[in-house]
>>> print(open('run_25.txt').read())   # compact mmCIF, C-alpha atoms
# COMPACT_ATOMS: atom_id res chain seq x y z
CA MET A 57 -67.99 245.36 154.71
CA ALA A 58 -65.46 245.03 157.55
CA LYS A 59 -67.42 242.15 159.00
CA LYS A 60 -67.46 240.41 155.60
CA ASP A 61 -63.69 240.80 155.26
CA GLN A 62 -63.12 239.32 158.69
CA ALA A 63 -65.39 236.39 157.82
CA ALA A 64 -63.48 235.74 154.56
CA ASP A 65 -60.16 235.83 156.42
CA LYS A 66 -61.47 233.33 158.95
CA ASN A 67 -62.66 231.04 156.13
CA ALA A 68 -59.24 231.18 154.43
CA ALA A 69 -57.49 230.42 157.71
CA SER A 70 -59.79 227.48 158.37
CA VAL A 71 -59.06 226.11 154.85
CA SER A 72 -55.33 226.22 155.52
CA ASN A 73 -55.69 224.50 158.91
CA GLN A 74 -57.97 221.82 157.49
CA ALA A 75 -55.60 221.19 154.57
CA ALA A 76 -52.65 220.79 156.95
CA GLN A 77 -54.60 218.39 159.16
CA THR A 78 -55.77 216.40 156.14
CA ASN A 79 -52.24 216.06 154.70
CA ALA A 80 -51.12 214.68 158.06
CA ALA A 81 -53.80 211.99 157.99
CA PRO A 82 -52.61 208.42 158.54
CA LYS A 83 -52.01 206.15 155.55
CA GLN A 84 -54.96 204.16 154.32
CA PRO A 85 -54.90 200.53 153.30
CA ALA A 86 -54.21 199.81 149.64
CA GLY A 87 -57.61 198.21 149.21
CA SER A 88 -59.57 201.34 150.29
CA ALA A 89 -61.59 203.11 147.65
CA VAL A 90 -60.16 206.26 146.06
CA PRO A 91 -62.75 208.98 145.34
CA ASN A 92 -62.85 210.31 141.80
CA ALA A 93 -60.26 207.71 140.70
CA PRO A 94 -59.66 207.63 136.91
CA ALA A 95 -61.73 205.01 135.14
CA ALA A 96 -58.90 204.21 132.69
CA SER A 97 -56.39 203.12 135.36
CA ILE A 98 -55.13 199.57 135.03
CA THR A 99 -55.92 197.14 137.81
CA PRO A 100 -52.54 195.45 138.31
CA PRO A 101 -52.01 191.80 139.10
CA ILE A 102 -50.67 191.80 142.65
CA ALA A 103 -49.46 189.17 145.04
CA ALA A 104 -51.54 188.60 148.16
CA ASP A 105 -49.95 189.13 151.56
CA SER A 106 -52.46 188.15 154.23
CA SER A 107 -50.00 188.86 157.06
CA GLU A 108 -50.17 192.62 156.40
CA GLY A 109 -53.82 192.72 155.40
CA PHE A 110 -53.35 194.11 151.91
CA ASN A 111 -51.91 193.15 148.54
CA ARG A 112 -48.38 193.88 147.43
CA LYS A 113 -47.51 195.77 144.25
CA LEU A 114 -44.34 194.40 142.62
CA ILE A 115 -42.56 195.49 139.44
CA TYR A 116 -40.54 192.71 137.80
CA LYS A 117 -37.69 193.10 135.29
CA ALA A 118 -35.45 190.43 133.77
CA ASN A 119 -32.15 190.69 131.87
CA LEU A 120 -31.42 187.69 129.63
CA VAL A 121 -28.53 186.60 127.41
CA MET A 122 -29.26 183.78 124.96
CA GLU A 123 -26.81 182.04 122.62
CA VAL A 124 -28.48 180.16 119.76
CA ALA A 125 -27.29 177.88 116.99
CA ASP A 126 -29.55 179.42 114.31
CA TYR A 127 -30.45 183.06 114.83
CA GLY A 128 -33.22 183.13 112.22
CA ASP A 129 -34.96 180.05 113.64
CA ALA A 130 -34.65 181.33 117.22
CA GLN A 131 -36.06 184.72 116.21
CA THR A 132 -39.10 183.03 114.67
CA LYS A 133 -39.67 180.99 117.83
CA LEU A 134 -39.38 184.14 119.95
CA ARG A 135 -42.02 185.95 117.92
CA ASN A 136 -44.35 182.95 118.10
CA LEU A 137 -43.87 182.74 121.87
CA ALA A 138 -44.67 186.44 122.24
CA ALA A 139 -47.82 186.09 120.16
CA LEU A 140 -49.05 183.07 122.17
CA SER A 141 -48.25 184.74 125.52
CA GLY A 142 -49.89 188.06 124.68
CA ALA A 143 -46.53 189.83 124.98
CA PHE A 144 -45.23 192.48 122.58
CA ILE A 145 -41.78 193.64 121.49
CA LEU A 146 -41.36 197.27 122.49
CA GLN A 147 -37.88 197.86 120.99
CA PHE A 148 -35.63 195.86 118.68
CA THR A 149 -32.12 196.37 117.23
CA GLU A 150 -30.11 193.88 115.14
CA THR A 151 -26.42 193.82 114.22
CA THR A 152 -24.29 191.51 112.07
CA ASN A 153 -20.50 191.36 111.76
CA ASP A 154 -17.78 188.81 110.96
CA ARG A 155 -17.97 187.24 114.43
CA GLU A 156 -21.67 187.10 115.29
CA ARG A 157 -25.24 187.98 114.42
CA SER A 158 -27.20 189.42 117.34
CA GLY A 159 -30.37 191.21 118.31
CA ASN A 160 -31.44 193.20 121.39
CA TYR A 161 -35.10 193.06 122.40
CA THR A 162 -37.19 194.95 124.96
CA ILE A 163 -40.29 192.86 125.63
CA LYS A 164 -43.38 193.67 127.68
CA VAL A 165 -45.39 190.77 129.09
CA ALA A 166 -48.32 190.57 131.51
CA ALA A 167 -47.18 189.94 135.09
CA GLN A 168 -49.28 186.76 135.30
CA GLY A 169 -47.38 185.28 132.35
CA PHE A 170 -43.91 186.55 133.30
CA ALA A 171 -42.63 183.25 134.72
CA SER A 172 -44.12 181.12 131.92
CA PHE A 173 -42.59 183.43 129.29
CA LEU A 174 -39.14 182.97 130.86
CA ASP A 175 -39.66 179.20 130.79
CA GLY A 176 -40.55 179.42 127.10
CA LEU A 177 -37.33 181.31 126.39
CA GLU A 178 -35.39 178.65 128.26
CA ARG A 179 -36.89 176.00 125.98
CA ILE A 180 -35.59 177.93 122.97
CA SER A 181 -32.08 178.02 124.46
CA PRO A 182 -31.30 175.84 127.50
CA SER A 183 -28.04 177.76 128.05
CA LEU A 184 -30.01 180.91 128.80
CA GLN A 185 -28.42 183.29 131.30
CA ARG A 186 -30.94 185.37 133.22
CA SER A 187 -31.14 187.86 136.05
CA VAL A 188 -34.52 188.76 137.57
CA GLN A 189 -35.18 191.78 139.77
CA GLY A 190 -38.29 192.80 141.64
CA GLN A 191 -39.20 196.21 143.05
CA ASP A 192 -41.82 196.57 145.80
CA VAL A 193 -43.75 199.82 145.31
CA THR A 194 -46.55 199.03 147.77
CA GLU A 195 -45.50 201.63 150.33
CA GLU A 196 -45.18 204.36 147.71
CA TYR A 197 -48.57 203.46 146.25
CA VAL A 198 -50.30 203.57 149.66
CA ASP A 199 -48.73 206.95 150.35
CA LEU A 200 -49.94 208.23 146.98
CA GLU A 201 -53.48 207.05 147.75
CA ALA A 202 -53.47 208.89 151.10
CA ARG A 203 -52.10 212.06 149.52
CA LEU A 204 -54.67 211.86 146.75
CA LYS A 205 -57.55 211.61 149.24
CA ALA A 206 -56.20 214.57 151.20
CA LYS A 207 -55.77 216.73 148.10
CA GLN A 208 -59.25 215.84 146.85
CA ALA A 209 -60.74 216.83 150.22
CA VAL A 210 -58.98 220.20 150.04
CA GLU A 211 -60.20 220.60 146.46
CA ALA A 212 -63.82 220.01 147.52
CA ARG A 213 -63.56 222.56 150.33
CA LEU A 214 -62.01 225.18 148.09
CA LEU A 215 -64.79 224.71 145.54
CA ALA A 216 -67.37 225.19 148.30
CA PHE A 217 -65.66 228.37 149.53
CA MET A 218 -65.50 229.74 145.98
CA GLU A 219 -69.27 229.36 145.67
CA LYS A 220 -69.76 231.38 148.87
CA ALA A 221 -67.10 234.04 148.20
CA GLN A 222 -68.52 237.54 147.71
CA LYS A 223 -65.33 239.56 147.24
CA THR A 224 -63.22 239.43 144.09
CA ASP A 225 -59.99 239.23 146.08
CA ASP A 226 -61.25 236.20 148.00
CA LEU A 227 -62.37 234.53 144.77
CA VAL A 228 -58.95 235.09 143.16
CA ALA A 229 -57.13 233.75 146.22
CA PHE A 230 -59.30 230.62 146.37
CA SER A 231 -58.88 230.11 142.60
CA ASN A 232 -55.07 230.27 142.83
CA GLU A 233 -55.00 227.83 145.72
CA LEU A 234 -57.38 225.51 143.85
CA SER A 235 -55.12 225.55 140.78
CA LYS A 236 -52.13 224.43 142.87
CA VAL A 237 -54.14 221.66 144.55
CA GLN A 238 -55.47 220.37 141.21
CA THR A 239 -51.95 220.34 139.77
CA ASP A 240 -50.79 218.21 142.71
CA ILE A 241 -53.76 215.87 142.18
CA GLU A 242 -52.89 215.33 138.51
CA GLN A 243 -49.24 214.62 139.37
CA ILE A 244 -50.26 212.06 141.98
CA LYS A 245 -52.68 210.37 139.57
CA GLY A 246 -50.00 210.27 136.86
CA ARG A 247 -47.52 208.59 139.20
CA MET A 248 -50.15 206.06 140.27
CA ARG A 249 -50.98 205.23 136.64
CA TYR A 250 -47.26 204.76 135.91
CA LEU A 251 -46.89 202.34 138.84
CA ASP A 252 -50.07 200.46 137.85
CA GLN A 253 -48.84 199.98 134.29
CA ASN A 254 -45.39 198.78 135.35
CA VAL A 255 -46.91 196.39 137.89
CA ALA A 256 -49.30 195.02 135.28
CA LEU A 257 -46.61 194.60 132.59
CA SER A 258 -43.22 193.12 133.39
CA THR A 259 -40.16 194.08 131.33
CA ILE A 260 -37.69 191.66 129.72
CA GLU A 261 -34.39 192.84 128.24
CA LEU A 262 -33.12 190.07 125.94
CA ARG A 263 -29.89 189.76 123.98
CA MET A 264 -29.92 186.86 121.50
CA TYR A 265 -26.85 186.07 119.40
CA GLN A 266 -25.35 183.45 117.10
CA LYS A 267 -21.58 183.01 116.75
CA LEU A 268 -20.34 182.81 113.16
CA ASP A 269 -17.58 180.39 112.08
CA ALA A 270 -14.54 182.49 111.12
CA LYS A 271 -12.67 179.48 109.66
CA ASP A 272 -15.32 178.87 107.02
CA ASN A 273 -15.26 182.54 106.06
CA THR A 274 -11.43 182.44 105.76
CA LYS A 275 -11.47 179.31 103.60
CA LYS A 276 -14.13 180.75 101.35
CA SER A 277 -12.15 183.94 100.82
CA ALA A 278 -8.91 181.97 100.19
CA ASP A 279 -10.39 179.86 97.36
CA PRO A 280 -12.43 182.19 95.17
CA THR A 281 -14.23 180.81 92.12
CA PHE A 282 -13.60 181.83 88.50
CA LEU A 283 -16.59 184.19 88.51
CA GLU A 284 -15.44 185.77 91.74
CA ARG A 285 -11.93 186.32 90.31
CA LEU A 286 -13.40 187.74 87.07
CA GLU A 287 -15.66 190.04 89.03
CA LYS A 288 -12.75 191.14 91.18
CA ALA A 289 -10.56 191.85 88.12
CA THR A 290 -13.36 193.84 86.44
CA ALA A 291 -13.96 195.80 89.59
CA GLY A 292 -10.22 196.52 89.82
CA SER A 293 -10.12 197.80 86.22
CA TRP A 294 -13.07 200.07 86.76
CA LYS A 295 -11.46 201.30 89.95
CA VAL A 296 -8.27 202.25 88.02
CA VAL A 297 -10.32 204.04 85.34
CA ALA A 298 -12.27 205.88 88.00
CA GLU A 299 -9.07 206.95 89.76
CA ILE A 300 -7.57 208.23 86.46
CA ALA A 301 -10.74 210.17 85.69
CA GLN A 302 -10.72 211.63 89.15
CA GLY A 303 -7.08 212.67 88.71
CA ILE A 304 -7.87 214.42 85.42
CA VAL A 305 -10.77 216.26 86.95
CA ILE A 306 -8.61 217.35 89.88
CA VAL A 307 -5.84 218.61 87.57
CA VAL A 308 -8.34 220.52 85.41
CA ALA A 309 -9.91 222.01 88.52
CA ALA A 310 -6.47 223.08 89.78
CA LEU A 311 -5.51 224.66 86.41
CA LEU A 312 -8.88 226.29 85.81
CA PRO A 313 -8.00 229.65 87.43
CA VAL A 314 -4.71 229.79 85.48
CA LEU A 315 -6.50 228.96 82.22
CA VAL A 316 -9.09 231.64 82.87
CA LEU A 317 -6.41 234.27 83.52
CA ALA A 318 -4.45 233.14 80.44
CA GLY A 319 -7.59 233.36 78.30
CA ILE A 320 -8.32 236.88 79.54
CA GLY A 321 -4.70 237.90 78.83
CA ALA A 322 -4.85 236.45 75.31
CA VAL A 323 -8.09 238.32 74.57
CA VAL A 324 -6.59 241.60 75.79
CA TYR A 325 -3.38 241.02 73.79
CA LEU A 326 -5.28 240.29 70.58
CA ALA A 327 -7.49 243.34 71.07
CA VAL A 328 -4.47 245.63 71.61
CA ARG A 329 -2.65 244.12 68.64
CA LYS A 330 -5.64 244.53 66.40
CA ARG A 331 -6.03 248.11 67.50
CA ARG A 332 -2.36 248.85 66.72
CA GLU A 333 -2.63 247.31 63.26
CA ARG A 334 -5.73 249.35 62.52
CA LYS A 335 -3.96 252.54 63.61
CA LEU A 336 -0.90 251.67 61.52
CA GLN A 337 -3.09 251.15 58.47
CA GLN A 338 -4.73 254.52 59.03
CA VAL A 339 -1.28 256.24 59.21
CA ARG A 340 -0.16 254.58 55.99
CA ALA A 341 -3.32 255.66 54.25
CA GLU A 342 -2.80 259.26 55.30
CA LEU A 343 0.80 259.17 54.05
CA ARG A 344 -0.37 257.91 50.67
CA ARG A 345 -2.89 260.75 50.36
CA GLU A 346 -0.31 263.40 51.22
CA ALA A 347 2.49 262.09 48.89
CA PRO A 348 2.67 263.82 45.28
CA PRO A 349 2.12 261.72 42.16
CA ALA A 350 5.14 259.93 40.74
CA GLU A 351 5.05 261.72 37.26
CA THR A 352 5.09 265.22 38.73
CA THR A 353 8.07 264.38 40.80
CA GLN A 354 9.97 263.06 37.77
CA GLU A 355 9.19 266.16 35.67
CA ARG A 356 10.42 268.43 38.43
CA THR A 357 13.63 266.47 38.54
CA GLU A 358 14.29 266.81 34.81
CA THR A 359 13.53 270.56 34.85
CA ASP A 360 15.93 271.19 37.61
CA LYS A 361 18.81 269.52 35.70
CA PRO A 362 21.26 271.92 33.85
CA GLU A 363 21.18 271.90 30.10
>>> encode(input="run_25.txt", output="structure tokens")
Amino acid sequence: MAKKDQAADKNAASVSNQAAQTNAAPKQPAGSAVPNAPAASITPPIAADSSEGFNRKLIYKANLVMEVADYGDAQTKLRNLAALSGAFILQFTETTNDRERSGNYTIKVAAQGFASFLDGLERISPSLQRSVQGQDVTEEYVDLEARLKAKQAVEARLLAFMEKAQKTDDLVAFSNELSKVQTDIEQIKGRMRYLDQNVALSTIELRMYQKLDAKDNTKKSADPTFLERLEKATAGSWKVVAEIAQGIVIVVAALLPVLVLAGIGAVVYLAVRKRRERKLQQVRAELRREAPPAETTQERTETDKPE
């Protein structure tokens, strides 16, 4: 058993040394094949750079400000342009106030059609203001490919060692190390997919707005029609009635506790008064029963008189 333990320790040490050597491997060209690469990853449109021997990966983003004469018409043209270009609107917000009507758009468009889409927007509004930025992620992508190959090599070796492991402790150790390596592999693949998608689809942040004429709005409000004045007067009357009703409700609500206490006091007072009257009637009835008849009293009076 001691010999088997020594052999397992040697295998684990060799795995660690091989993993360190593999992680220090030189970067591979972007065009090299990646083993076990995900089938669903997007193949991005990239610009060729023959001087360096591999293709560049660029992420483009544009920020645009567009003033239009008719917001509704310009919005329709924008949607038609997106449909014809294969682009899609990812986010959209619209606001309207006394000064302007505007909308903010986040648009995703294929990298091959990025420039033509910007030209189409310029045809909608020649006074378009735009700012275009590009980010080169080629170096990061090449580094991710090299790291992915190294991690996959370590993963294959760990799987082979797990098949040959005879002790439970060795199997648990290899399993824990394999879990860490596989987590790193998934993180690398996720980052590569994110870069592929952003290279394949360029982003356009567009603000489109129409200025509203404040003078026309002022003139319209200064010369209301008969119906507008009638509607305003009716609305004012209803507003007064509503305010009076609200005042009454507030007063009643404020007096409600006092009215409740007064009602309780009145009930108690009436009950006490009624009780006193009933007791007084009982006393009077008893006095009547105890008093002698009127004739007997008169006879006694006459008898007592001297002759």
>>> atom_distance(input="run_25.txt", atom1="atom CA of Gly159 of chain A", atom2="atom CA of Thr132 of chain A")
12.5 Å
>>> atom_distance(input="run_25.txt", atom1="atom CA of Arg157 of chain A", atom2="atom CA of Lys267 of chain A")
6.6 Å
>>> atom_distance(input="run_25.txt", atom1="atom CA of Ser158 of chain A", atom2="atom CA of Leu120 of chain A")
13.1 Å
>>> closest_residue(input="run_25.txt", among="A:Ala202, A:Ile115, A:Leu184, A:Leu215", to="Phe230 of chain A", atoms="only C-alpha atoms")
A:Leu215
>>> axis_aligned_box(input="run_25.txt", around="segment 134-153 of chain A", padding_each_side="3 Å", output="AutoDock Vina command-line options")
--center_x -35.2 --center_y 190.3 --center_z 118.6 --size_x 35.4 --size_y 21.1 --size_z 19.8
>>> closest_residue(input="run_25.txt", among="A:Asn160, A:Leu312, A:Arg334, A:Ser231", to="Phe217 of chain A", atoms="all atoms listed in the file")
A:Ser231
>>> closest_residue(input="run_25.txt", among="A:Ile163, A:Leu234, A:Val210, A:Ile306", to="Glu261 of chain A", atoms="all atoms listed in the file")
A:Ile163
>>> residues_around(input="run_25.txt", residues="Leu251 of chain A", least_positions_apart="4", cutoff="8 Å", atoms="all atoms listed in the file", output="ChimeraX atom specification")
/A:193,197,247,255
>>> residues_around(input="run_25.txt", residues="Asp129 of chain A", least_positions_apart="4", cutoff="12 Å", atoms="all atoms listed in the file", output="ChimeraX atom specification")
/A:124-125,133-136,180-181,264-266
>>> closest_residue(input="run_25.txt", among="A:Gly190, A:Gly176, A:Ile260, A:Phe282", to="Asn119 of chain A", atoms="all atoms listed in the file")
A:Ile260
>>> closest_residue(input="run_25.txt", among="A:Ala221, A:Leu204, A:Val297, A:Ala216", to="Ile241 of chain A", atoms="all atoms listed in the file")
A:Leu204
